[in-house]
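A.B. asks: So that you have it, the file is target_23.tsv, and it contains TSV, C-alpha atoms:
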chain	number	residue	atom	x	y	z
C	1	MET	CA	0.00	0.00	0.00
C	2	LYS	CA	1.30	3.44	-0.95
C	3	THR	CA	2.26	5.75	1.87
C	4	LYS	CA	0.45	9.08	2.00
C	5	SER	CA	2.29	11.67	-0.04
C	6	THR	CA	3.25	15.01	1.50
C	7	THR	CA	4.05	16.59	-1.88
C	8	PHE	CA	1.44	19.35	-1.67
C	9	ASP	CA	2.32	20.24	1.93
C	10	ASP	CA	6.02	20.20	1.10
C	11	VAL	CA	5.60	22.53	-1.88
C	12	PHE	CA	3.41	25.01	0.00
C	13	ARG	CA	5.67	25.07	3.05
C	14	THR	CA	8.71	25.50	0.84
C	15	ILE	CA	7.16	28.63	-0.64
C	16	ALA	CA	6.00	29.90	2.75
C	17	GLN	CA	9.36	29.35	4.43
C	18	LYS	CA	11.85	30.02	1.63
C	19	MET	CA	9.93	32.54	-0.52
C	20	PRO	CA	7.75	34.39	2.01
C	21	PHE	CA	7.56	37.48	-0.24
C	22	MET	CA	5.28	35.43	-2.50
C	23	MET	CA	2.77	35.11	0.33
C	24	VAL	CA	1.99	38.84	0.37
C	25	ALA	CA	-0.31	38.64	-2.65
C	26	LEU	CA	-2.14	35.66	-1.14
C	27	ILE	CA	-2.61	37.57	2.13
C	28	ASN	CA	-3.96	40.54	0.19
C	29	GLU	CA	-6.41	38.30	-1.68
C	30	ALA	CA	-7.57	36.30	1.34
C	31	PHE	CA	-7.99	39.15	3.80
C	32	GLY	CA	-8.73	42.16	1.61
C	33	GLU	CA	-5.41	43.84	2.35
C	34	SER	CA	-3.41	46.01	-0.04
C	35	TYR	CA	0.19	45.52	1.03
C	36	PRO	CA	2.83	46.40	-1.59
C	37	ASP	CA	5.09	43.63	-2.91
C	38	ASN	CA	8.05	44.92	-0.90
C	39	VAL	CA	6.27	45.20	2.46
C	40	LYS	CA	8.29	43.77	5.33
C	41	ILE	CA	6.92	40.32	6.09
C	42	GLN	CA	8.19	38.49	9.15
C	43	GLN	CA	8.00	34.72	9.27
C	44	LEU	CA	7.17	33.49	12.77
C	45	ARG	CA	7.72	30.20	14.55
C	46	ASN	CA	5.13	27.71	13.34
C	47	GLU	CA	5.77	24.81	15.70
C	48	PHE	CA	3.76	24.44	18.90
C	49	ILE	CA	4.12	21.80	21.58
C	50	THR	CA	0.94	20.80	23.39
C	51	LYS	CA	0.62	18.36	26.27
C	52	ASP	CA	-0.28	15.46	23.99
C	53	LYS	CA	1.39	16.24	20.66
C	54	LYS	CA	3.46	18.53	18.52
C	55	ILE	CA	1.57	20.70	16.04
C	56	ILE	CA	3.17	22.37	13.04
C	57	THR	CA	1.19	25.00	11.21
C	58	ASP	CA	1.81	25.61	7.50
C	59	SER	CA	2.52	29.33	7.71
C	60	LEU	CA	2.43	32.18	10.19
C	61	PHE	CA	3.45	35.74	9.34
C	62	LEU	CA	3.53	39.16	10.90
C	63	ILE	CA	3.01	42.23	8.71
C	64	LYS	CA	3.11	45.50	10.60
C	65	ASP	CA	1.09	44.63	13.71
C	66	LYS	CA	-1.16	41.89	12.31
C	67	TYR	CA	-0.74	38.13	12.39
C	68	TYR	CA	-1.69	35.99	9.37
C	69	HIS	CA	-2.15	32.24	9.53
C	70	ILE	CA	-2.73	30.20	6.35
C	71	GLU	CA	-3.04	26.43	6.07
C	72	CYS	CA	-2.93	24.46	2.82
C	73	GLN	CA	-5.24	21.48	2.25
C	74	SER	CA	-5.32	19.24	-0.80
C	75	ASN	CA	-8.95	18.31	-0.06
C	76	PRO	CA	-11.76	19.60	2.16
C	77	ASP	CA	-11.44	18.17	5.67
C	78	SER	CA	-14.42	17.74	7.99
C	79	THR	CA	-12.25	18.47	11.04
C	80	MET	CA	-10.61	21.61	9.64
C	81	GLU	CA	-12.87	24.03	11.53
C	82	ILE	CA	-11.81	22.59	14.89
C	83	ARG	CA	-8.16	22.35	13.89
C	84	MET	CA	-8.09	25.99	12.79
C	85	ILE	CA	-9.55	27.33	16.02
C	86	GLU	CA	-7.06	25.15	17.95
C	87	TYR	CA	-4.12	26.46	15.89
C	88	ASP	CA	-5.32	30.05	16.14
C	89	PHE	CA	-5.71	29.84	19.92
C	90	MET	CA	-2.14	28.54	20.24
C	91	ILE	CA	-0.90	31.38	18.05
C	92	ALA	CA	-2.83	33.95	20.11
C	93	HIS	CA	-1.57	32.40	23.33
C	94	GLU	CA	2.02	32.39	22.06
C	95	HIS	CA	1.88	36.13	21.43
C	96	ALA	CA	-0.17	37.18	24.45
C	97	GLU	CA	0.74	40.54	25.99
C	98	LYS	CA	0.06	42.01	29.40
C	99	LYS	CA	-1.36	45.52	29.19
C	100	GLU	CA	-2.44	47.65	32.13
C	101	GLY	CA	-2.42	44.73	34.52
C	102	ARG	CA	-4.28	42.20	32.40
C	103	TYR	CA	-3.41	39.85	29.54
C	104	GLU	CA	-4.58	40.51	26.02
C	105	ILE	CA	-4.55	37.91	23.26
C	106	ASN	CA	-5.09	38.66	19.59
C	107	PHE	CA	-6.29	35.95	17.27
C	108	PRO	CA	-4.66	35.94	13.82
C	109	GLU	CA	-6.34	36.53	10.50
C	110	SER	CA	-6.93	32.96	9.44
C	111	ALA	CA	-7.55	31.16	6.15
C	112	VAL	CA	-7.34	27.74	4.50
C	113	LEU	CA	-6.14	27.28	0.93
C	114	TYR	CA	-8.00	24.37	-0.65
C	115	LEU	CA	-6.20	22.96	-3.68
C	116	ARG	CA	-9.28	20.88	-4.50
C	117	HIS	CA	-12.90	21.60	-3.65
C	118	ASN	CA	-16.39	20.51	-4.59
C	119	LYS	CA	-19.84	22.07	-4.83
C	120	SER	CA	-20.50	21.60	-1.12
C	121	THR	CA	-17.29	23.35	-0.02
C	122	PRO	CA	-18.34	26.55	1.79
C	123	ASP	CA	-16.69	29.95	1.44
C	124	LYS	CA	-15.97	30.05	5.17
C	125	LEU	CA	-15.44	27.57	7.97
C	126	LYS	CA	-17.56	28.26	11.05
C	127	VAL	CA	-17.50	27.05	14.62
C	128	VAL	CA	-20.16	28.19	17.08
C	129	VAL	CA	-18.46	29.14	20.34
C	130	ASN	CA	-20.77	29.12	23.36
C	131	MET	CA	-19.58	30.92	26.48
C	132	PRO	CA	-20.69	29.85	29.98
C	133	ASP	CA	-22.51	33.14	30.56
C	134	GLY	CA	-24.83	32.46	27.62
C	135	ARG	CA	-23.00	34.53	25.00
C	136	SER	CA	-22.09	32.86	21.73
C	137	PHE	CA	-20.36	33.81	18.50
C	138	ASP	CA	-19.28	32.25	15.20
C	139	TYR	CA	-15.55	31.67	14.85
C	140	GLU	CA	-14.94	32.02	11.11
C	141	THR	CA	-12.02	30.98	8.92
C	142	LYS	CA	-11.80	32.16	5.33
C	143	ILE	CA	-11.42	29.67	2.48
C	144	ILE	CA	-9.40	30.25	-0.68
C	145	LYS	CA	-10.30	27.87	-3.52
C	146	ALA	CA	-7.29	27.52	-5.80
C	147	LYS	CA	-9.25	26.14	-8.75
C	148	ASP	CA	-11.52	29.20	-8.82
C	149	TYR	CA	-8.66	31.31	-10.21
C	150	THR	CA	-8.00	31.34	-13.94
C	151	GLN	CA	-4.46	31.47	-15.27
C	152	GLU	CA	-4.99	35.12	-16.17
C	153	GLU	CA	-6.26	36.01	-12.68
C	154	ILE	CA	-3.34	34.26	-11.01
C	155	PHE	CA	-0.80	36.41	-12.83
C	156	ARG	CA	-2.86	39.59	-12.76
C	157	LYS	CA	-3.19	39.30	-8.98
C	158	LYS	CA	0.40	38.03	-8.64
C	159	LEU	CA	-0.77	34.88	-6.88
C	160	LEU	CA	2.38	32.99	-7.80
C	161	VAL	CA	1.93	30.73	-4.79
C	162	LEU	CA	-0.91	29.07	-6.76
C	163	VAL	CA	1.20	28.42	-9.87
C	164	PRO	CA	2.78	25.10	-8.76
C	165	PHE	CA	-0.72	23.71	-8.15
C	166	TYR	CA	-2.37	25.02	-11.33
C	167	LEU	CA	-2.20	21.73	-13.26
C	168	MET	CA	-4.25	19.98	-10.55
C	169	ARG	CA	-7.42	21.35	-12.18
C	170	TYR	CA	-6.86	18.87	-15.03
C	171	GLU	CA	-6.60	15.79	-12.80
C	172	ASP	CA	-9.92	14.26	-13.80
C	173	GLN	CA	-9.06	14.66	-17.51
C	174	PHE	CA	-5.71	12.84	-17.62
C	175	SER	CA	-7.13	9.40	-18.42
C	176	GLU	CA	-9.14	10.81	-21.31
C	177	MET	CA	-6.14	12.78	-22.55
C	178	GLU	CA	-4.23	9.53	-22.97
C	179	GLN	CA	-6.83	8.47	-25.53
C	180	ASN	CA	-7.52	11.88	-27.07
C	181	GLU	CA	-4.56	13.50	-28.79
C	182	LYS	CA	-6.41	16.79	-29.32
C	183	GLU	CA	-7.15	17.19	-25.60
C	184	LYS	CA	-3.59	16.23	-24.69
C	185	LEU	CA	-2.15	18.85	-27.06
C	186	ALA	CA	-4.53	21.48	-25.64
C	187	PHE	CA	-3.26	20.60	-22.15
C	188	PHE	CA	0.35	20.91	-23.28
C	189	GLU	CA	-0.46	24.32	-24.81
C	190	SER	CA	-1.84	25.40	-21.42
C	191	CYS	CA	1.39	24.20	-19.76
C	192	GLU	CA	3.49	26.17	-22.23
C	193	LYS	CA	1.37	29.26	-21.68
C	194	LEU	CA	1.80	28.89	-17.92
C	195	ARG	CA	5.56	28.59	-18.33
C	196	LYS	CA	5.77	31.67	-20.56
C	197	GLN	CA	3.61	33.76	-18.23
C	198	LEU	CA	5.78	32.73	-15.29
C	199	GLU	CA	8.90	33.66	-17.24
C	200	ASN	CA	7.40	37.06	-18.10
C	201	GLU	CA	6.36	37.66	-14.49
C	202	VAL	CA	9.70	36.96	-12.84
C	203	GLY	CA	11.69	38.61	-15.64
C	204	ASN	CA	15.43	38.04	-15.33
C	205	ARG	CA	15.29	36.57	-11.83
C	206	ASP	CA	16.57	33.20	-13.03
C	207	ILE	CA	16.87	31.59	-9.60
C	208	GLN	CA	13.24	32.34	-8.68
C	209	TYR	CA	12.09	31.11	-12.09
C	210	ALA	CA	14.08	27.90	-11.75
C	211	ASP	CA	12.76	27.27	-8.23
C	212	MET	CA	9.16	27.75	-9.38
C	213	ILE	CA	9.63	25.40	-12.33
C	214	ASP	CA	11.07	22.86	-9.93
C	215	LEU	CA	8.00	23.12	-7.67
C	216	ILE	CA	5.61	22.84	-10.64
C	217	THR	CA	7.45	19.71	-11.75
C	218	LYS	CA	7.30	18.17	-8.27
C	219	VAL	CA	3.51	18.57	-8.21
C	220	SER	CA	3.04	17.39	-11.81
C	221	ASP	CA	5.24	14.32	-11.22
C	222	HIS	CA	3.00	13.40	-8.29
C	223	ILE	CA	-0.39	13.93	-9.91
C	224	LEU	CA	0.79	12.31	-13.18
C	225	GLU	CA	2.41	9.31	-11.52
C	226	ASP	CA	0.09	6.93	-13.39
C	227	HIS	CA	0.20	8.83	-16.69
C	228	LYS	CA	3.83	8.56	-17.76
C	229	LYS	CA	3.52	9.90	-21.32
C	230	ILE	CA	1.71	13.05	-20.20
C	231	ARG	CA	4.17	13.44	-17.31
C	232	LYS	CA	7.08	13.30	-19.77
C	233	GLY	CA	5.36	15.92	-21.95
C	234	VAL	CA	4.99	18.28	-19.00
C	235	LYS	CA	8.63	17.72	-18.03
C	236	ASP	CA	9.75	18.47	-21.59
C	237	ILE	CA	7.82	21.75	-21.50
C	238	MET	CA	8.78	22.79	-17.98
C	239	GLY	CA	12.11	21.09	-17.46
C	240	GLY	CA	14.40	22.74	-19.98
C	241	LYS	CA	14.64	26.10	-18.26
C	242	ILE	CA	15.49	24.74	-14.86
C	243	LEU	CA	18.43	22.88	-16.32
C	244	GLU	CA	19.72	25.88	-18.22
C	245	LEU	CA	19.76	28.89	-15.94
C	246	ARG	CA	21.65	31.91	-17.21
C	247	SER	CA	24.29	31.46	-14.52
C	248	GLU	CA	24.68	27.81	-15.48
C	249	LYS	CA	25.03	28.71	-19.16
C	250	LEU	CA	27.76	31.22	-18.35
C	251	LEU	CA	29.50	28.70	-16.13
C	252	LYS	CA	29.25	26.02	-18.79
C	253	LYS	CA	30.58	28.44	-21.42
C	254	GLY	CA	33.49	29.31	-19.16
C	255	ARG	CA	34.30	25.66	-18.56
C	256	THR	CA	34.12	24.87	-22.30
C	257	GLU	CA	36.38	27.78	-23.16
C	258	GLY	CA	38.71	26.82	-20.34
C	259	ARG	CA	38.96	23.26	-21.60
C	260	ALA	CA	39.58	24.53	-25.14
C	261	GLU	CA	42.31	26.86	-23.89
C	262	GLY	CA	43.79	24.05	-21.85
C	263	ARG	CA	43.88	21.70	-24.83
C	264	ALA	CA	45.51	24.43	-26.96
C	265	GLU	CA	48.19	24.97	-24.30
C	266	ASP	CA	48.81	21.22	-24.04
C	267	HIS	CA	49.15	20.93	-27.82
C	268	LYS	CA	51.52	23.89	-27.99
C	269	ALA	CA	53.67	22.34	-25.25
C	270	SER	CA	53.79	19.00	-27.12
C	271	ILE	CA	54.98	20.73	-30.31
C	272	GLU	CA	57.63	22.61	-28.33
C	273	LYS	CA	58.83	19.40	-26.68
C	274	LEU	CA	59.05	17.48	-29.98
C	275	ALA	CA	60.82	20.41	-31.71
C	276	ASN	CA	63.46	20.49	-28.95
C	277	HIS	CA	63.94	16.75	-29.37
C	278	TYR	CA	64.63	17.25	-33.10
C	279	LEU	CA	67.20	19.94	-32.29
C	280	GLU	CA	68.92	17.81	-29.66
C	281	THR	CA	69.20	14.78	-31.90
C	282	GLY	CA	70.30	16.79	-34.93
C	283	ALA	CA	67.18	15.94	-36.95
C	284	ALA	CA	66.74	19.72	-37.44
C	285	THR	CA	69.42	22.38	-37.54
C	286	ASN	CA	67.31	25.37	-36.45
C	287	LYS	CA	64.23	26.06	-34.34
C	288	ASP	CA	61.92	27.04	-37.21
C	289	ASP	CA	62.60	23.80	-39.07
C	290	ALA	CA	62.18	21.80	-35.85
C	291	VAL	CA	58.77	23.40	-35.17
C	292	LYS	CA	57.61	22.76	-38.74
C	293	MET	CA	58.62	19.12	-38.44
C	294	ALA	CA	56.79	18.78	-35.12
C	295	GLU	CA	53.65	20.43	-36.55
C	296	THR	CA	53.74	18.01	-39.48
C	297	ILE	CA	53.67	15.11	-37.05
C	298	LEU	CA	51.24	16.54	-34.41
C	299	GLY	CA	49.27	19.03	-36.49
C	300	LYS	CA	49.21	22.80	-36.08
Is it possible to give me this structure as structure tokens?
C.D. replies:
Amino acid sequence: MKTKSTTFDDVFRTIAQKMPFMMVALINEAFGESYPDNVKIQQLRNEFITKDKKIITDSLFLIKDKYYHIECQSNPDSTMEIRMIEYDFMIAHEHAEKKEGRYEINFPESAVLYLRHNKSTPDKLKVVVNMPDGRSFDYETKIIKAKDYTQEEIFRKKLLVLVPFYLMRYEDQFSEMEQNEKEKLAFFESCEKLRKQLENEVGNRDIQYADMIDLITKVSDHILEDHKKIRKGVKDIMGGKILELRSEKLLKKGRTEGRAEGRAEDHKASIEKLANHYLETGAATNKDDAVKMAETILGK
């Protein structure tokens, strides 16, 4: 039996932890903010130890004086409402402050990114919280549905964090694509368009482009595990750029030129050595003749 894959979690957490600047646009979209791309975003500790277990949240950020907590789910989860209020309470407790003699805790802005959803998936998660004095309130968590965003919207809103997961919207079509060449080619055209738009968006930032292509490929390899021909097609479209970054091309060029220069120096030294041998043995009476003889044997 196959072990449960953590590919989607790994990709999202990689972005959240190693490319936190890409989370700004997602925070703007989820919570109606308007932070600029270059706003200072502070990544906070996302590991909490409870009495019974260790809990790791997907992402926790501080922008200005507000906390933002976003979890990523591949599928809707019936326990997510309870998990989110538990996570959020731990976050609020972690950052509690004592003001004017009493503690104050601030719950974070909270959202779940669903990579897949269905017709029954709500726009918000809700938990009814009943207090002992009779008061009650709804604890709400926003939901972001990745498949609701078109390719054009993703790039217009700079939601690059959704790019690695974009091909998941075709999952239920892969089997048919294997039998329908027209549909398969249309899918490949969409992949190529995605790659070109990503390239245009990141411009000359080769490392960011390469990293994103790598994450797209990790997701596509996973969801296309049983569709090898389509997986190879996606790799052919996406894979070339990650193998040929500008820095790598320059490095390769330098190595090639270096090897060529090295071979030229070695050849020159061999001619010199053979010419000296001809002079020493009397086969040639002067250096020019000796060099010409050596070049005849070894080539110029």
A.B. asks: So that I can see what lies close to Asp88 (chain C), please list as a PyMOL selection string the residues with an atom at most 8 Å from it, counting only C-alpha atoms and leaving out residues fewer than 2 positions away in the same chain.
C.D. replies: chain C and resi 69+84-86+90-92+107-108+110
A.B. asks: Name the residues within 8 Å of (5.2, 27.4, -10.6), counting only C-alpha atoms in the file's coordinates, and put them as a PyMOL selection string.
C.D. replies: chain C and resi 160-166+195+198+209+211-216
A.B. asks: Please provide as a PyMOL selection string all residues within 8 Å of region 138-153 of chain C, with the sequence filter that same-chain residues fewer than 5 positions apart are discarded (counting all atoms listed in the file).
C.D. replies: chain C and resi 30+81+84-85+110-117+122-129+162+165-166+169+194
A.B. asks: Go through C:Asn286, C:Thr217, C:Gln179, C:Thr7 and flag the residue nearest Leu167 (chain C), using only C-alpha atoms for the distances.
C.D. replies: C:Thr217
A.B. asks: What gap, in Å, lies between CA of Gln197 (chain C) and CA of Ile154 (chain C)?
C.D. replies: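 CA of Ile154 (chain C) lies at a distance of 10.0 Å from CA of Gln197 (chain C).
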A.B. asks: In Å to one decimal, how far is CA of Phe188 (chain C) from CA of Asp226 (chain C)?
C.D. replies: 17.1 Å
A.B. asks: Calculated over only C-alpha atoms, which of the candidates C:Lys229, C:Lys182, C:His222, C:Lys158 has the smallest distance to Ile27 (chain C)?
C.D. replies: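 Smallest separation from Ile27 (chain C) among the options: C:Lys158.
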A.B. asks: Report the distance between CA of Asn106 (chain C) and CA of Gln43 (chain C) in Å, rounded to one decimal place.
C.D. replies: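 CA of Gln43 (chain C) lies 17.1 Å from CA of Asn106 (chain C).
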A.B. asks: Find the residues near region 9-11 of chain C: any atom within 8 Å, counting all atoms listed in the file, skip ones fewer than 5 places away on the same chain, and give them as a PyMOL selection string.
C.D. replies: chain C and resi 58+72-73+164+215+218-219
A.B. asks: Using the file's own x, y and z axes, so that the box edges lie along x, y and z, what centre and edge lengths in Å (one decimal) does a box around every listed atom of region 153-156 of chain C get when 4 Å is added on each side? Give it as lines of an AutoDock Vina configuration file.
C.D. replies:
center_x = -3.5
center_y = 36.9
center_z = -11.9
size_x = 13.5
size_y = 13.3
size_z = 9.8
A.B. asks: When distances are computed from all atoms listed in the file, which of C:Asn130, C:Thr57, C:Glu225, C:Thr256 shows the smallest separation from Ser175 (chain C)?
C.D. replies: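 So, comparing all the options, the nearest one is C:Glu225.
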A.B. asks: Quick one: of C:Tyr67, C:Lys193, C:Met23, C:Leu185, who's nearest to Pro36 (chain C), counting all atoms listed in the file?
C.D. replies: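 Closest candidate: C:Met23.
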A.B. asks: Do you know which residues are at most 10 Å from Glu295 (chain C) counting all atoms listed in the file, after dropping those on the same chain fewer than 6 positions away, and could you put them as a list in words?
C.D. replies: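 In the requested form, the answer reads His267, Lys268, Ser270, Ile271, Glu272, Leu274, Ala275 and Asp289 of chain C.
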A.B. asks: Once N, CA and C atoms are restored for region 67-100 of chain C, what would the output be as a short mmCIF file (atom, residue, chain, number, x, y, z; two decimals), in the frame of the given file?
C.D. replies:
data_model
loop_
_atom_site.label_atom_id
_atom_site.label_comp_id
_atom_site.auth_asym_id
_atom_site.auth_seq_id
_atom_site.Cartn_x
_atom_site.Cartn_y
_atom_site.Cartn_z
N TYR C 67 -1.17 39.50 12.61
CA TYR C 67 -0.74 38.13 12.39
C TYR C 67 -1.62 37.49 11.30
N TYR C 68 -0.98 36.68 10.44
CA TYR C 68 -1.69 35.99 9.37
C TYR C 68 -1.32 34.51 9.38
N HIS C 69 -2.34 33.68 9.45
CA HIS C 69 -2.15 32.24 9.53
C HIS C 69 -2.88 31.59 8.35
N ILE C 70 -2.12 30.85 7.51
CA ILE C 70 -2.73 30.20 6.35
C ILE C 70 -2.30 28.74 6.32
N GLU C 71 -3.29 27.85 6.23
CA GLU C 71 -3.04 26.43 6.07
C GLU C 71 -3.36 26.02 4.64
N CYS C 72 -2.69 24.98 4.17
CA CYS C 72 -2.93 24.46 2.82
C CYS C 72 -3.49 23.05 2.93
N GLN C 73 -4.61 22.79 2.25
CA GLN C 73 -5.24 21.48 2.25
C GLN C 73 -5.45 21.01 0.82
N SER C 74 -5.08 19.77 0.55
CA SER C 74 -5.32 19.24 -0.80
C SER C 74 -6.79 18.96 -1.03
N ASN C 75 -7.51 18.61 0.04
CA ASN C 75 -8.95 18.31 -0.06
C ASN C 75 -9.68 18.89 1.15
N PRO C 76 -10.98 19.18 0.99
CA PRO C 76 -11.76 19.60 2.16
C PRO C 76 -11.68 18.56 3.28
N ASP C 77 -11.62 19.03 4.51
CA ASP C 77 -11.44 18.17 5.67
C ASP C 77 -12.53 18.50 6.68
N SER C 78 -13.28 17.50 7.10
CA SER C 78 -14.42 17.74 7.99
C SER C 78 -14.00 18.21 9.38
N THR C 79 -12.71 18.04 9.72
CA THR C 79 -12.25 18.47 11.04
C THR C 79 -11.51 19.81 10.99
N MET C 80 -11.45 20.42 9.81
CA MET C 80 -10.61 21.61 9.64
C MET C 80 -11.06 22.77 10.51
N GLU C 81 -12.37 22.92 10.70
CA GLU C 81 -12.87 24.03 11.53
C GLU C 81 -12.28 23.98 12.93
N ILE C 82 -12.31 22.75 13.53
CA ILE C 82 -11.81 22.59 14.89
C ILE C 82 -10.29 22.76 14.94
N ARG C 83 -9.61 22.22 13.93
CA ARG C 83 -8.16 22.35 13.89
C ARG C 83 -7.74 23.81 13.79
N MET C 84 -8.46 24.59 12.98
CA MET C 84 -8.09 25.99 12.79
C MET C 84 -8.27 26.80 14.07
N ILE C 85 -9.34 26.57 14.79
CA ILE C 85 -9.55 27.33 16.02
C ILE C 85 -8.51 26.90 17.08
N GLU C 86 -8.10 25.63 17.03
CA GLU C 86 -7.06 25.15 17.95
C GLU C 86 -5.72 25.82 17.60
N TYR C 87 -5.36 25.82 16.32
CA TYR C 87 -4.12 26.46 15.89
C TYR C 87 -4.12 27.94 16.25
N ASP C 88 -5.24 28.60 15.93
CA ASP C 88 -5.32 30.05 16.14
C ASP C 88 -5.22 30.41 17.62
N PHE C 89 -5.81 29.57 18.48
CA PHE C 89 -5.71 29.84 19.92
C PHE C 89 -4.26 29.72 20.38
N MET C 90 -3.55 28.71 19.85
CA MET C 90 -2.14 28.54 20.24
C MET C 90 -1.31 29.72 19.76
N ILE C 91 -1.62 30.22 18.58
CA ILE C 91 -0.90 31.38 18.05
C ILE C 91 -1.18 32.60 18.92
N ALA C 92 -2.46 32.81 19.27
CA ALA C 92 -2.83 33.95 20.11
C ALA C 92 -2.18 33.84 21.49
N HIS C 93 -2.18 32.62 22.02
CA HIS C 93 -1.57 32.40 23.33
C HIS C 93 -0.07 32.65 23.30
N GLU C 94 0.58 32.22 22.22
CA GLU C 94 2.02 32.39 22.06
C GLU C 94 2.42 33.86 22.10
N HIS C 95 1.55 34.71 21.55
CA HIS C 95 1.88 36.13 21.43
C HIS C 95 1.05 37.01 22.37
N ALA C 96 0.60 36.41 23.47
CA ALA C 96 -0.17 37.18 24.45
C ALA C 96 0.68 38.29 25.06
N GLU C 97 0.04 39.41 25.38
CA GLU C 97 0.74 40.54 25.99
C GLU C 97 -0.05 41.03 27.21
N LYS C 98 0.70 41.47 28.20
CA LYS C 98 0.06 42.01 29.40
C LYS C 98 0.02 43.53 29.29
N LYS C 99 -1.19 44.08 29.32
CA LYS C 99 -1.36 45.52 29.19
C LYS C 99 -2.24 46.03 30.34
N GLU C 100 -1.71 47.03 31.03
CA GLU C 100 -2.44 47.65 32.13
C GLU C 100 -2.96 46.63 33.12
#
